[in-house]
>>> print(open('model.cif').read())   # mmCIF, C-alpha atoms; chains and numbers go by the auth columns
data_entry
loop_
_atom_site.group_PDB
_atom_site.id
_atom_site.type_symbol
_atom_site.label_atom_id
_atom_site.label_comp_id
_atom_site.label_asym_id
_atom_site.label_seq_id
_atom_site.Cartn_x
_atom_site.Cartn_y
_atom_site.Cartn_z
_atom_site.B_iso_or_equiv
_atom_site.auth_seq_id
_atom_site.auth_asym_id
ATOM 1 C CA MET A 1 -142.766 157.626 -126.104 0.00 289 A
ATOM 2 C CA GLU A 2 -141.698 160.646 -128.151 0.00 290 A
ATOM 3 C CA ALA A 3 -141.342 160.231 -131.920 0.00 291 A
ATOM 4 C CA LEU A 4 -137.863 160.327 -133.394 0.00 292 A
ATOM 5 C CA THR A 5 -137.007 163.323 -135.572 0.00 293 A
ATOM 6 C CA LEU A 6 -136.114 162.606 -139.179 0.00 294 A
ATOM 7 C CA GLY A 7 -134.630 165.148 -141.543 0.00 295 A
ATOM 8 C CA PHE A 8 -135.719 164.594 -145.142 0.00 296 A
ATOM 9 C CA ALA A 9 -133.680 166.400 -147.806 0.00 297 A
ATOM 10 C CA LEU A 10 -134.591 166.535 -151.489 0.00 298 A
ATOM 11 C CA CYS A 11 -132.107 167.318 -154.260 0.00 299 A
ATOM 12 C CA GLY A 12 -132.755 168.034 -157.935 0.00 300 A
ATOM 13 C CA SER A 13 -133.613 164.644 -159.443 0.00 301 A
ATOM 14 C CA PHE A 14 -137.102 165.913 -160.171 0.00 302 A
ATOM 15 C CA CYS A 15 -138.254 162.799 -162.055 0.00 303 A
ATOM 16 C CA THR A 16 -138.217 160.845 -158.770 0.00 304 A
ATOM 17 C CA TYR A 17 -140.233 163.351 -156.739 0.00 305 A
ATOM 18 C CA GLU A 18 -143.609 161.626 -156.987 0.00 306 A
ATOM 19 C CA ARG A 19 -142.201 158.360 -155.603 0.00 307 A
ATOM 20 C CA VAL A 20 -140.165 160.190 -152.984 0.00 308 A
ATOM 21 C CA LEU A 21 -143.102 162.303 -151.814 0.00 309 A
ATOM 22 C CA GLY A 22 -145.220 159.176 -151.380 0.00 310 A
ATOM 23 C CA VAL A 23 -142.543 157.753 -149.081 0.00 311 A
ATOM 24 C CA LEU A 24 -142.225 161.078 -147.268 0.00 312 A
ATOM 25 C CA ALA A 25 -145.966 161.069 -146.573 0.00 313 A
ATOM 26 C CA SER A 26 -145.719 157.616 -144.987 0.00 314 A
ATOM 27 C CA LEU A 27 -142.713 158.643 -142.866 0.00 315 A
ATOM 28 C CA THR A 28 -144.652 161.573 -141.363 0.00 316 A
ATOM 29 C CA LYS A 29 -146.919 159.005 -139.682 0.00 317 A
ATOM 30 C CA GLU A 30 -143.974 157.487 -137.801 0.00 318 A
ATOM 31 C CA TYR A 31 -141.521 160.357 -137.316 0.00 319 A
ATOM 32 C CA THR A 32 -141.468 164.072 -136.705 0.00 320 A
ATOM 33 C CA VAL A 33 -140.123 165.204 -140.096 0.00 321 A
ATOM 34 C CA ILE A 34 -138.029 168.304 -140.776 0.00 322 A
ATOM 35 C CA PRO A 35 -137.996 168.853 -144.562 0.00 323 A
ATOM 36 C CA ILE A 36 -134.948 170.275 -146.338 0.00 324 A
ATOM 37 C CA LEU A 37 -134.800 171.361 -149.977 0.00 325 A
ATOM 38 C CA SER A 38 -131.673 172.063 -151.962 0.00 326 A
ATOM 39 C CA GLU A 39 -131.609 175.579 -153.356 0.00 327 A
ATOM 40 C CA MET A 40 -132.187 174.093 -156.825 0.00 328 A
ATOM 41 C CA SER A 41 -135.212 172.112 -155.639 0.00 329 A
ATOM 42 C CA ALA A 42 -136.644 175.124 -153.851 0.00 330 A
ATOM 43 C CA ALA A 43 -136.410 177.384 -156.893 0.00 331 A
ATOM 44 C CA THR A 44 -136.710 175.341 -160.099 0.00 332 A
ATOM 45 C CA ASP A 45 -139.902 174.772 -162.057 0.00 333 A
ATOM 46 C CA THR A 46 -139.698 171.676 -164.253 0.00 334 A
ATOM 47 C CA ARG A 47 -141.931 169.530 -166.451 0.00 335 A
ATOM 48 C CA PHE A 48 -142.617 167.545 -163.271 0.00 336 A
ATOM 49 C CA GLY A 49 -144.131 170.538 -161.435 0.00 337 A
ATOM 50 C CA THR A 50 -143.415 173.943 -160.006 0.00 338 A
ATOM 51 C CA ALA A 51 -141.094 174.577 -157.114 0.00 339 A
ATOM 52 C CA GLN A 52 -143.913 176.362 -155.300 0.00 340 A
ATOM 53 C CA SER A 53 -146.301 173.419 -155.616 0.00 341 A
ATOM 54 C CA PHE A 54 -143.656 170.998 -154.268 0.00 342 A
ATOM 55 C CA LYS A 55 -142.904 173.332 -151.351 0.00 343 A
ATOM 56 C CA GLU A 56 -146.604 173.622 -150.552 0.00 344 A
ATOM 57 C CA ARG A 57 -147.101 169.835 -150.650 0.00 345 A
ATOM 58 C CA ILE A 58 -144.067 169.216 -148.464 0.00 346 A
ATOM 59 C CA THR A 59 -145.094 171.927 -146.001 0.00 347 A
ATOM 60 C CA SER A 60 -148.568 170.415 -145.762 0.00 348 A
ATOM 61 C CA MET A 61 -147.240 166.853 -145.287 0.00 349 A
ATOM 62 C CA CYS A 62 -144.645 167.766 -142.676 0.00 350 A
ATOM 63 C CA CYS A 63 -146.588 170.575 -140.962 0.00 351 A
ATOM 64 C CA ARG A 64 -143.564 172.836 -141.287 0.00 352 A
ATOM 65 C CA THR A 65 -141.817 174.974 -143.901 0.00 353 A
ATOM 66 C CA PRO A 66 -138.776 173.324 -145.511 0.00 354 A
ATOM 67 C CA ILE A 67 -135.255 174.454 -144.702 0.00 355 A
ATOM 68 C CA THR A 68 -133.889 175.978 -147.936 0.00 356 A
ATOM 69 C CA THR A 69 -130.660 177.787 -147.022 0.00 357 A
ATOM 70 C CA ILE A 70 -127.269 177.038 -145.512 0.00 358 A
ATOM 71 C CA LYS A 71 -128.038 179.450 -142.676 0.00 359 A
ATOM 72 C CA GLU A 72 -131.252 177.579 -141.805 0.00 360 A
ATOM 73 C CA ALA A 73 -129.487 174.174 -141.994 0.00 361 A
ATOM 74 C CA GLU A 74 -126.455 175.028 -139.846 0.00 362 A
ATOM 75 C CA PRO A 75 -128.208 174.694 -136.415 0.00 363 A
ATOM 76 C CA ILE A 76 -129.027 171.035 -137.168 0.00 364 A
ATOM 77 C CA GLY A 77 -125.645 170.042 -135.711 0.00 365 A
ATOM 78 C CA PRO A 78 -125.189 172.225 -132.643 0.00 366 A
ATOM 79 C CA LYS A 79 -128.832 171.809 -131.584 0.00 367 A
ATOM 80 C CA LYS A 80 -128.830 168.049 -132.373 0.00 368 A
ATOM 81 C CA LEU A 81 -132.152 168.480 -134.164 0.00 369 A
ATOM 82 C CA LEU A 82 -132.230 165.116 -135.983 0.00 370 A
ATOM 83 C CA ASP A 83 -132.031 161.467 -135.021 0.00 371 A
ATOM 84 C CA VAL A 84 -131.553 160.471 -138.676 0.00 372 A
ATOM 85 C CA LEU A 85 -131.201 162.379 -141.964 0.00 373 A
ATOM 86 C CA VAL A 86 -132.389 161.056 -145.331 0.00 374 A
ATOM 87 C CA ILE A 87 -131.262 162.541 -148.646 0.00 375 A
ATOM 88 C CA ALA A 88 -133.729 161.371 -151.297 0.00 376 A
ATOM 89 C CA PRO A 89 -133.181 161.823 -154.134 0.00 377 A
ATOM 90 C CA CYS A 90 -129.434 162.311 -153.796 0.00 378 A
ATOM 91 C CA THR A 91 -127.956 163.493 -157.086 0.00 379 A
ATOM 92 C CA GLY A 92 -124.467 162.847 -158.407 0.00 380 A
ATOM 93 C CA ASN A 93 -123.630 166.462 -157.649 0.00 381 A
ATOM 94 C CA THR A 94 -124.578 166.077 -153.999 0.00 382 A
ATOM 95 C CA LEU A 95 -122.787 162.701 -153.774 0.00 383 A
ATOM 96 C CA ALA A 96 -119.580 164.381 -154.958 0.00 384 A
ATOM 97 C CA LYS A 97 -119.919 167.198 -152.459 0.00 385 A
ATOM 98 C CA LEU A 98 -120.574 164.792 -149.592 0.00 386 A
ATOM 99 C CA ALA A 99 -117.606 162.610 -150.588 0.00 387 A
ATOM 100 C CA LEU A 100 -115.285 165.625 -150.743 0.00 388 A
ATOM 101 C CA GLY A 101 -116.619 167.491 -147.702 0.00 389 A
ATOM 102 C CA ILE A 102 -117.968 170.426 -149.712 0.00 390 A
ATOM 103 C CA THR A 103 -120.616 172.371 -147.808 0.00 391 A
ATOM 104 C CA ASP A 104 -122.143 174.865 -150.213 0.00 392 A
ATOM 105 C CA SER A 105 -125.856 174.052 -150.101 0.00 393 A
ATOM 106 C CA SER A 106 -128.639 173.588 -147.581 0.00 394 A
ATOM 107 C CA VAL A 107 -128.480 169.792 -148.057 0.00 395 A
ATOM 108 C CA THR A 108 -124.711 169.423 -147.709 0.00 396 A
ATOM 109 C CA MET A 109 -124.729 171.725 -144.672 0.00 397 A
ATOM 110 C CA ALA A 110 -127.529 169.660 -143.124 0.00 398 A
ATOM 111 C CA ALA A 111 -125.513 166.466 -143.722 0.00 399 A
ATOM 112 C CA LYS A 112 -122.276 167.910 -142.341 0.00 400 A
ATOM 113 C CA ALA A 113 -124.021 169.392 -139.313 0.00 401 A
ATOM 114 C CA HIS A 114 -125.892 166.144 -138.659 0.00 402 A
ATOM 115 C CA LEU A 115 -122.899 163.802 -139.082 0.00 403 A
ATOM 116 C CA ARG A 116 -120.893 165.703 -136.477 0.00 404 A
ATOM 117 C CA ASN A 117 -123.275 164.169 -133.925 0.00 405 A
ATOM 118 C CA ASP A 118 -122.412 160.574 -134.987 0.00 406 A
ATOM 119 C CA ARG A 119 -125.961 159.984 -136.182 0.00 407 A
ATOM 120 C CA PRO A 120 -127.044 158.119 -139.327 0.00 408 A
ATOM 121 C CA LEU A 121 -127.240 159.658 -142.787 0.00 409 A
ATOM 122 C CA VAL A 122 -129.325 157.665 -145.295 0.00 410 A
ATOM 123 C CA ILE A 123 -128.661 158.252 -149.002 0.00 411 A
ATOM 124 C CA ALA A 124 -131.096 157.344 -151.791 0.00 412 A
ATOM 125 C CA VAL A 125 -129.067 157.716 -154.998 0.00 413 A
ATOM 126 C CA SER A 126 -130.568 159.005 -158.227 0.00 414 A
ATOM 127 C CA THR A 127 -127.985 159.821 -160.881 0.00 415 A
ATOM 128 C CA ASN A 128 -127.353 159.057 -164.536 0.00 416 A
ATOM 129 C CA ASP A 129 -123.612 158.621 -163.925 0.00 417 A
ATOM 130 C CA ALA A 130 -123.557 156.319 -160.883 0.00 418 A
ATOM 131 C CA LEU A 131 -121.606 153.673 -162.806 0.00 419 A
ATOM 132 C CA SER A 132 -119.164 156.192 -164.249 0.00 420 A
ATOM 133 C CA GLY A 133 -118.274 159.602 -162.782 0.00 421 A
ATOM 134 C CA SER A 134 -120.157 159.144 -159.504 0.00 422 A
ATOM 135 C CA ALA A 135 -118.955 155.591 -158.828 0.00 423 A
ATOM 136 C CA LYS A 136 -115.897 156.726 -156.868 0.00 424 A
ATOM 137 C CA ASN A 137 -118.052 159.007 -154.710 0.00 425 A
ATOM 138 C CA ILE A 138 -120.496 156.202 -153.923 0.00 426 A
ATOM 139 C CA GLY A 139 -117.524 153.975 -153.049 0.00 427 A
ATOM 140 C CA SER A 140 -116.049 156.645 -150.797 0.00 428 A
ATOM 141 C CA LEU A 141 -119.340 157.168 -148.971 0.00 429 A
ATOM 142 C CA LEU A 142 -119.925 153.419 -148.565 0.00 430 A
ATOM 143 C CA ASN A 143 -116.794 153.408 -146.406 0.00 431 A
ATOM 144 C CA ARG A 144 -117.828 156.411 -144.320 0.00 432 A
ATOM 145 C CA LYS A 145 -118.975 155.981 -140.724 0.00 433 A
ATOM 146 C CA ASN A 146 -122.710 156.606 -140.163 0.00 434 A
ATOM 147 C CA VAL A 147 -123.519 156.717 -143.896 0.00 435 A
ATOM 148 C CA TYR A 148 -126.062 154.182 -145.177 0.00 436 A
ATOM 149 C CA PHE A 149 -127.438 153.571 -148.664 0.00 437 A
ATOM 150 C CA VAL A 150 -130.958 152.733 -149.753 0.00 438 A
ATOM 151 C CA PRO A 151 -130.881 149.644 -152.037 0.00 439 A
ATOM 152 C CA MET A 152 -130.356 150.702 -155.659 0.00 440 A
ATOM 153 C CA CYS A 153 -130.387 149.317 -159.181 0.00 441 A
ATOM 154 C CA GLN A 154 -130.018 150.307 -162.803 0.00 442 A
ATOM 155 C CA ASP A 155 -133.219 152.012 -163.834 0.00 443 A
ATOM 156 C CA ASP A 156 -132.816 151.699 -167.615 0.00 444 A
ATOM 157 C CA PRO A 157 -129.791 149.521 -168.491 0.00 445 A
ATOM 158 C CA ILE A 158 -130.347 149.728 -172.252 0.00 446 A
ATOM 159 C CA ARG A 159 -130.869 153.458 -172.778 0.00 447 A
ATOM 160 C CA LYS A 160 -129.002 154.712 -169.663 0.00 448 A
ATOM 161 C CA PRO A 161 -126.427 152.014 -168.855 0.00 449 A
ATOM 162 C CA ARG A 162 -124.642 154.039 -166.146 0.00 450 A
ATOM 163 C CA SER A 163 -127.768 155.279 -164.367 0.00 451 A
ATOM 164 C CA ILE A 164 -128.731 154.097 -160.876 0.00 452 A
ATOM 165 C CA VAL A 165 -131.834 154.921 -158.848 0.00 453 A
ATOM 166 C CA ALA A 166 -132.555 153.869 -155.288 0.00 454 A
ATOM 167 C CA ASP A 167 -135.632 151.804 -154.515 0.00 455 A
ATOM 168 C CA MET A 168 -137.391 154.709 -152.813 0.00 456 A
ATOM 169 C CA GLU A 169 -139.934 152.369 -151.202 0.00 457 A
ATOM 170 C CA LYS A 170 -137.028 150.873 -149.196 0.00 458 A
ATOM 171 C CA ILE A 171 -136.277 154.189 -147.459 0.00 459 A
ATOM 172 C CA PRO A 172 -138.301 153.337 -144.297 0.00 460 A
ATOM 173 C CA ASP A 173 -136.573 149.950 -143.889 0.00 461 A
ATOM 174 C CA THR A 174 -133.163 151.522 -144.533 0.00 462 A
ATOM 175 C CA VAL A 175 -133.864 154.171 -141.889 0.00 463 A
ATOM 176 C CA LYS A 176 -134.830 151.532 -139.314 0.00 464 A
ATOM 177 C CA ASP A 177 -131.653 149.549 -139.966 0.00 465 A
ATOM 178 C CA ALA A 178 -129.491 152.694 -139.964 0.00 466 A
ATOM 179 C CA LEU A 179 -130.897 153.727 -136.590 0.00 467 A
ATOM 180 C CA ASN A 180 -129.631 150.344 -135.366 0.00 468 A
ATOM 181 C CA GLY A 181 -126.203 150.861 -136.976 0.00 469 A
ATOM 182 C CA LYS A 182 -126.803 148.378 -139.810 0.00 470 A
ATOM 183 C CA GLN A 183 -126.614 148.734 -143.595 0.00 471 A
ATOM 184 C CA ILE A 184 -129.713 147.183 -145.180 0.00 472 A
ATOM 185 C CA GLN A 185 -128.860 144.365 -147.584 0.00 473 A
ATOM 186 C CA PRO A 186 -128.584 143.833 -150.436 0.00 474 A
ATOM 187 C CA ILE A 187 -127.395 147.307 -151.423 0.00 475 A
ATOM 188 C CA ILE A 188 -127.400 146.454 -155.137 0.00 476 A
ATOM 189 C CA LYS A 189 -130.561 144.793 -156.418 0.00 477 A
#
>>> encode(input="model.cif", output="structure tokens")
Amino acid sequence: MEALTLGFALCGSFCTYERVLGVLASLTKEYTVIPILSEMSAATDTRFGTAQSFKERITSMCCRTPITTIKEAEPIGPKKLLDVLVIAPCTGNTLAKLALGITDSSVTMAAKAHLRNDRPLVIAVSTNDALSGSAKNIGSLLNRKNVYFVPMCQDDPIRKPRSIVADMEKIPDTVKDALNGKQIQPIIK
């Protein structure tokens, strides 16, 4: 039996990368993985590491170079390249674009192209304004066909009371449920 193909897109919540990359490594054992990096992720050096080192690690894990441009992401739809697409971490910026249908990055193009095939999109939120500015976008996407959320919770309710981060370790279970047309529960932990 041929392995399913999973797209794995990373946005700019750099503080979650170590957890996300651990999950990505485990997913490569079960799926053929096509990595996708937002333009920001592909080009920004941070206190968490250099863009080049992340690209090299991801390329090594997935045995392929990440998609990093709109032009590279566009064929995902017409060629039906993915069975499921994960966006982890998904920032507030990307949530807003997805909710409003804005396609101006490699990740949003990948999502738009993928969703046209009625296949599941799994979102792992990581944003400091999930319980304020991004709340309406999360709500909008919760009602969207073929969009599924990784369980999430407040990551620091005292110092960052509006911040939400997905339980990245739940990505594999969320993917399995999404492939069966089910939202993993509970969504809020």
>>> closest_residue(input="model.cif", among="A:Ser301, A:Ile476, A:Glu362, A:Ser393", to="Ser414 of chain A", atoms="only C-alpha atoms")
A:Ser301
>>> atom_distance(input="model.cif", atom1="atom CA of Met328 of chain A", atom2="atom CA of Lys367 of chain A")
25.6 Å
>>> atom_distance(input="model.cif", atom1="atom CA of Phe302 of chain A", atom2="atom CA of Phe342 of chain A")
10.2 Å
>>> resolve_selection(input="model.cif", expression="the PyMOL selection byres ((chain A and resi 304) around 10)", output="PyMOL selection string")
chain A and resi 298-303+305-309+336+376-377+414+453-454+456
>>> resolve_selection(input="model.cif", expression="the PyMOL selection byres ((chain A and resi 366) around 10)", output="VMD selection string")
chain A and resid 362 to 365 367 to 369 401 to 402 404 to 405
>>> closest_residue(input="model.cif", among="A:Ala384, A:Asp371, A:Leu409, A:Ile322", to="Gly427 of chain A", atoms="all atoms listed in the file")
A:Ala384
>>> atom_distance(input="model.cif", atom1="atom CA of Ala412 of chain A", atom2="atom CA of Asp455 of chain A")
7.7 Å
>>> closest_residue(input="model.cif", among="A:Asp417, A:Asp392, A:Glu290, A:Glu327", to="Ser451 of chain A", atoms="all atoms listed in the file")
A:Asp417
>>> resolve_selection(input="model.cif", expression="the PyMOL selection byres ((chain A and resi 343) around 12)", output="PDB file with C-alpha atoms, keeping the file's coordinate frame")
ATOM      1  CA  LEU A 298    -134.591 166.535-151.489  1.00  0.00           C
ATOM      2  CA  TYR A 305    -140.233 163.351-156.739  1.00  0.00           C
ATOM      3  CA  LEU A 309    -143.102 162.303-151.814  1.00  0.00           C
ATOM      4  CA  PRO A 323    -137.996 168.853-144.562  1.00  0.00           C
ATOM      5  CA  ILE A 324    -134.948 170.275-146.338  1.00  0.00           C
ATOM      6  CA  LEU A 325    -134.800 171.361-149.977  1.00  0.00           C
ATOM      7  CA  SER A 326    -131.673 172.063-151.962  1.00  0.00           C
ATOM      8  CA  GLU A 327    -131.609 175.579-153.356  1.00  0.00           C
ATOM      9  CA  SER A 329    -135.212 172.112-155.639  1.00  0.00           C
ATOM     10  CA  ALA A 330    -136.644 175.124-153.851  1.00  0.00           C
ATOM     11  CA  ALA A 331    -136.410 177.384-156.893  1.00  0.00           C
ATOM     12  CA  THR A 332    -136.710 175.341-160.099  1.00  0.00           C
ATOM     13  CA  ASP A 333    -139.902 174.772-162.057  1.00  0.00           C
ATOM     14  CA  GLY A 337    -144.131 170.538-161.435  1.00  0.00           C
ATOM     15  CA  THR A 338    -143.415 173.943-160.006  1.00  0.00           C
ATOM     16  CA  ALA A 339    -141.094 174.577-157.114  1.00  0.00           C
ATOM     17  CA  GLN A 340    -143.913 176.362-155.300  1.00  0.00           C
ATOM     18  CA  SER A 341    -146.301 173.419-155.616  1.00  0.00           C
ATOM     19  CA  PHE A 342    -143.656 170.998-154.268  1.00  0.00           C
ATOM     20  CA  GLU A 344    -146.604 173.622-150.552  1.00  0.00           C
ATOM     21  CA  ARG A 345    -147.101 169.835-150.650  1.00  0.00           C
ATOM     22  CA  ILE A 346    -144.067 169.216-148.464  1.00  0.00           C
ATOM     23  CA  THR A 347    -145.094 171.927-146.001  1.00  0.00           C
ATOM     24  CA  SER A 348    -148.568 170.415-145.762  1.00  0.00           C
ATOM     25  CA  MET A 349    -147.240 166.853-145.287  1.00  0.00           C
ATOM     26  CA  CYS A 350    -144.645 167.766-142.676  1.00  0.00           C
ATOM     27  CA  CYS A 351    -146.588 170.575-140.962  1.00  0.00           C
ATOM     28  CA  ARG A 352    -143.564 172.836-141.287  1.00  0.00           C
ATOM     29  CA  THR A 353    -141.817 174.974-143.901  1.00  0.00           C
ATOM     30  CA  PRO A 354    -138.776 173.324-145.511  1.00  0.00           C
ATOM     31  CA  ILE A 355    -135.255 174.454-144.702  1.00  0.00           C
ATOM     32  CA  THR A 356    -133.889 175.978-147.936  1.00  0.00           C
TER      33      THR A 356
END
>>> residues_near_point(input="model.cif", point="(-131.9, 148.0, -143.2)", cutoff="12 Å", atoms="all atoms listed in the file", output="ChimeraX atom specification")
/A:408,410,436-439,458-475
>>> closest_residue(input="model.cif", among="A:Leu315, A:Met440, A:Ala297, A:Val372", to="Ile426 of chain A", atoms="all atoms listed in the file")
A:Met440
>>> closest_residue(input="model.cif", among="A:Ile452, A:Leu292, A:Thr415, A:Leu429", to="Thr320 of chain A", atoms="all atoms listed in the file")
A:Leu292
>>> closest_residue(input="model.cif", among="A:Ala399, A:Ala423, A:Ile411, A:Ala313", to="Ile375 of chain A", atoms="all atoms listed in the file")
A:Ile411
>>> build_atoms(input="model.cif", residues="segment 413-438 of chain A", atoms="N, CA and C atoms", output="PDB file, keeping the file's coordinate frame")
ATOM      1  N   VAL A 413    -129.718 157.239-153.774  1.00  0.00           N
ATOM      2  CA  VAL A 413    -129.067 157.716-154.998  1.00  0.00           C
ATOM      3  C   VAL A 413    -130.059 157.830-156.156  1.00  0.00           C
ATOM      4  N   SER A 414    -129.872 158.866-156.957  1.00  0.00           N
ATOM      5  CA  SER A 414    -130.568 159.005-158.227  1.00  0.00           C
ATOM      6  C   SER A 414    -129.674 159.828-159.140  1.00  0.00           C
ATOM      7  N   THR A 415    -128.899 159.111-159.990  1.00  0.00           N
ATOM      8  CA  THR A 415    -127.985 159.821-160.881  1.00  0.00           C
ATOM      9  C   THR A 415    -127.713 159.011-162.140  1.00  0.00           C
ATOM     10  N   ASN A 416    -127.617 159.702-163.257  1.00  0.00           N
ATOM     11  CA  ASN A 416    -127.353 159.057-164.536  1.00  0.00           C
ATOM     12  C   ASN A 416    -125.906 158.601-164.697  1.00  0.00           C
ATOM     13  N   ASP A 417    -125.020 159.011-163.783  1.00  0.00           N
ATOM     14  CA  ASP A 417    -123.612 158.621-163.925  1.00  0.00           C
ATOM     15  C   ASP A 417    -123.089 157.820-162.731  1.00  0.00           C
ATOM     16  N   ALA A 418    -123.960 157.095-162.060  1.00  0.00           N
ATOM     17  CA  ALA A 418    -123.557 156.319-160.883  1.00  0.00           C
ATOM     18  C   ALA A 418    -122.508 155.267-161.206  1.00  0.00           C
ATOM     19  N   LEU A 419    -122.568 154.707-162.418  1.00  0.00           N
ATOM     20  CA  LEU A 419    -121.606 153.673-162.806  1.00  0.00           C
ATOM     21  C   LEU A 419    -120.485 154.246-163.661  1.00  0.00           C
ATOM     22  N   SER A 420    -120.296 155.542-163.585  1.00  0.00           N
ATOM     23  CA  SER A 420    -119.164 156.192-164.249  1.00  0.00           C
ATOM     24  C   SER A 420    -118.623 157.258-163.295  1.00  0.00           C
ATOM     25  N   GLY A 421    -118.860 158.513-163.564  1.00  0.00           N
ATOM     26  CA  GLY A 421    -118.274 159.602-162.782  1.00  0.00           C
ATOM     27  C   GLY A 421    -118.589 159.584-161.299  1.00  0.00           C
ATOM     28  N   SER A 422    -119.776 159.145-160.921  1.00  0.00           N
ATOM     29  CA  SER A 422    -120.157 159.144-159.504  1.00  0.00           C
ATOM     30  C   SER A 422    -119.768 157.872-158.765  1.00  0.00           C
ATOM     31  N   ALA A 423    -119.273 156.876-159.469  1.00  0.00           N
ATOM     32  CA  ALA A 423    -118.955 155.591-158.828  1.00  0.00           C
ATOM     33  C   ALA A 423    -117.945 155.753-157.697  1.00  0.00           C
ATOM     34  N   LYS A 424    -116.911 156.550-157.920  1.00  0.00           N
ATOM     35  CA  LYS A 424    -115.897 156.726-156.868  1.00  0.00           C
ATOM     36  C   LYS A 424    -116.477 157.426-155.640  1.00  0.00           C
ATOM     37  N   ASN A 425    -117.442 158.309-155.847  1.00  0.00           N
ATOM     38  CA  ASN A 425    -118.052 159.007-154.710  1.00  0.00           C
ATOM     39  C   ASN A 425    -118.957 158.062-153.912  1.00  0.00           C
ATOM     40  N   ILE A 426    -119.684 157.205-154.606  1.00  0.00           N
ATOM     41  CA  ILE A 426    -120.496 156.202-153.923  1.00  0.00           C
ATOM     42  C   ILE A 426    -119.576 155.288-153.118  1.00  0.00           C
ATOM     43  N   GLY A 427    -118.483 154.830-153.739  1.00  0.00           N
ATOM     44  CA  GLY A 427    -117.524 153.975-153.049  1.00  0.00           C
ATOM     45  C   GLY A 427    -116.947 154.638-151.813  1.00  0.00           C
ATOM     46  N   SER A 428    -116.599 155.897-151.930  1.00  0.00           N
ATOM     47  CA  SER A 428    -116.049 156.645-150.797  1.00  0.00           C
ATOM     48  C   SER A 428    -117.063 156.729-149.657  1.00  0.00           C
ATOM     49  N   LEU A 429    -118.302 157.021-149.994  1.00  0.00           N
ATOM     50  CA  LEU A 429    -119.340 157.168-148.971  1.00  0.00           C
ATOM     51  C   LEU A 429    -119.743 155.830-148.355  1.00  0.00           C
ATOM     52  N   LEU A 430    -119.643 154.751-149.121  1.00  0.00           N
ATOM     53  CA  LEU A 430    -119.925 153.419-148.565  1.00  0.00           C
ATOM     54  C   LEU A 430    -118.979 153.080-147.424  1.00  0.00           C
ATOM     55  N   ASN A 431    -117.790 153.663-147.442  1.00  0.00           N
ATOM     56  CA  ASN A 431    -116.794 153.408-146.406  1.00  0.00           C
ATOM     57  C   ASN A 431    -116.833 154.410-145.257  1.00  0.00           C
ATOM     58  N   ARG A 432    -117.758 155.356-145.327  1.00  0.00           N
ATOM     59  CA  ARG A 432    -117.828 156.411-144.320  1.00  0.00           C
ATOM     60  C   ARG A 432    -118.693 155.984-143.138  1.00  0.00           C
ATOM     61  N   LYS A 433    -118.229 156.285-141.944  1.00  0.00           N
ATOM     62  CA  LYS A 433    -118.975 155.981-140.724  1.00  0.00           C
ATOM     63  C   LYS A 433    -120.310 156.730-140.726  1.00  0.00           C
ATOM     64  N   ASN A 434    -121.362 156.046-140.319  1.00  0.00           N
ATOM     65  CA  ASN A 434    -122.710 156.606-140.163  1.00  0.00           C
ATOM     66  C   ASN A 434    -123.393 156.969-141.480  1.00  0.00           C
ATOM     67  N   VAL A 435    -122.876 156.491-142.597  1.00  0.00           N
ATOM     68  CA  VAL A 435    -123.519 156.717-143.896  1.00  0.00           C
ATOM     69  C   VAL A 435    -124.073 155.383-144.386  1.00  0.00           C
ATOM     70  N   TYR A 436    -125.350 155.390-144.760  1.00  0.00           N
ATOM     71  CA  TYR A 436    -126.062 154.182-145.177  1.00  0.00           C
ATOM     72  C   TYR A 436    -126.755 154.454-146.508  1.00  0.00           C
ATOM     73  N   PHE A 437    -126.821 153.428-147.352  1.00  0.00           N
ATOM     74  CA  PHE A 437    -127.438 153.571-148.664  1.00  0.00           C
ATOM     75  C   PHE A 437    -128.739 152.788-148.757  1.00  0.00           C
ATOM     76  N   VAL A 438    -129.720 153.409-149.397  1.00  0.00           N
ATOM     77  CA  VAL A 438    -130.958 152.733-149.753  1.00  0.00           C
ATOM     78  C   VAL A 438    -130.622 151.796-150.911  1.00  0.00           C
TER      79      VAL A 438
END
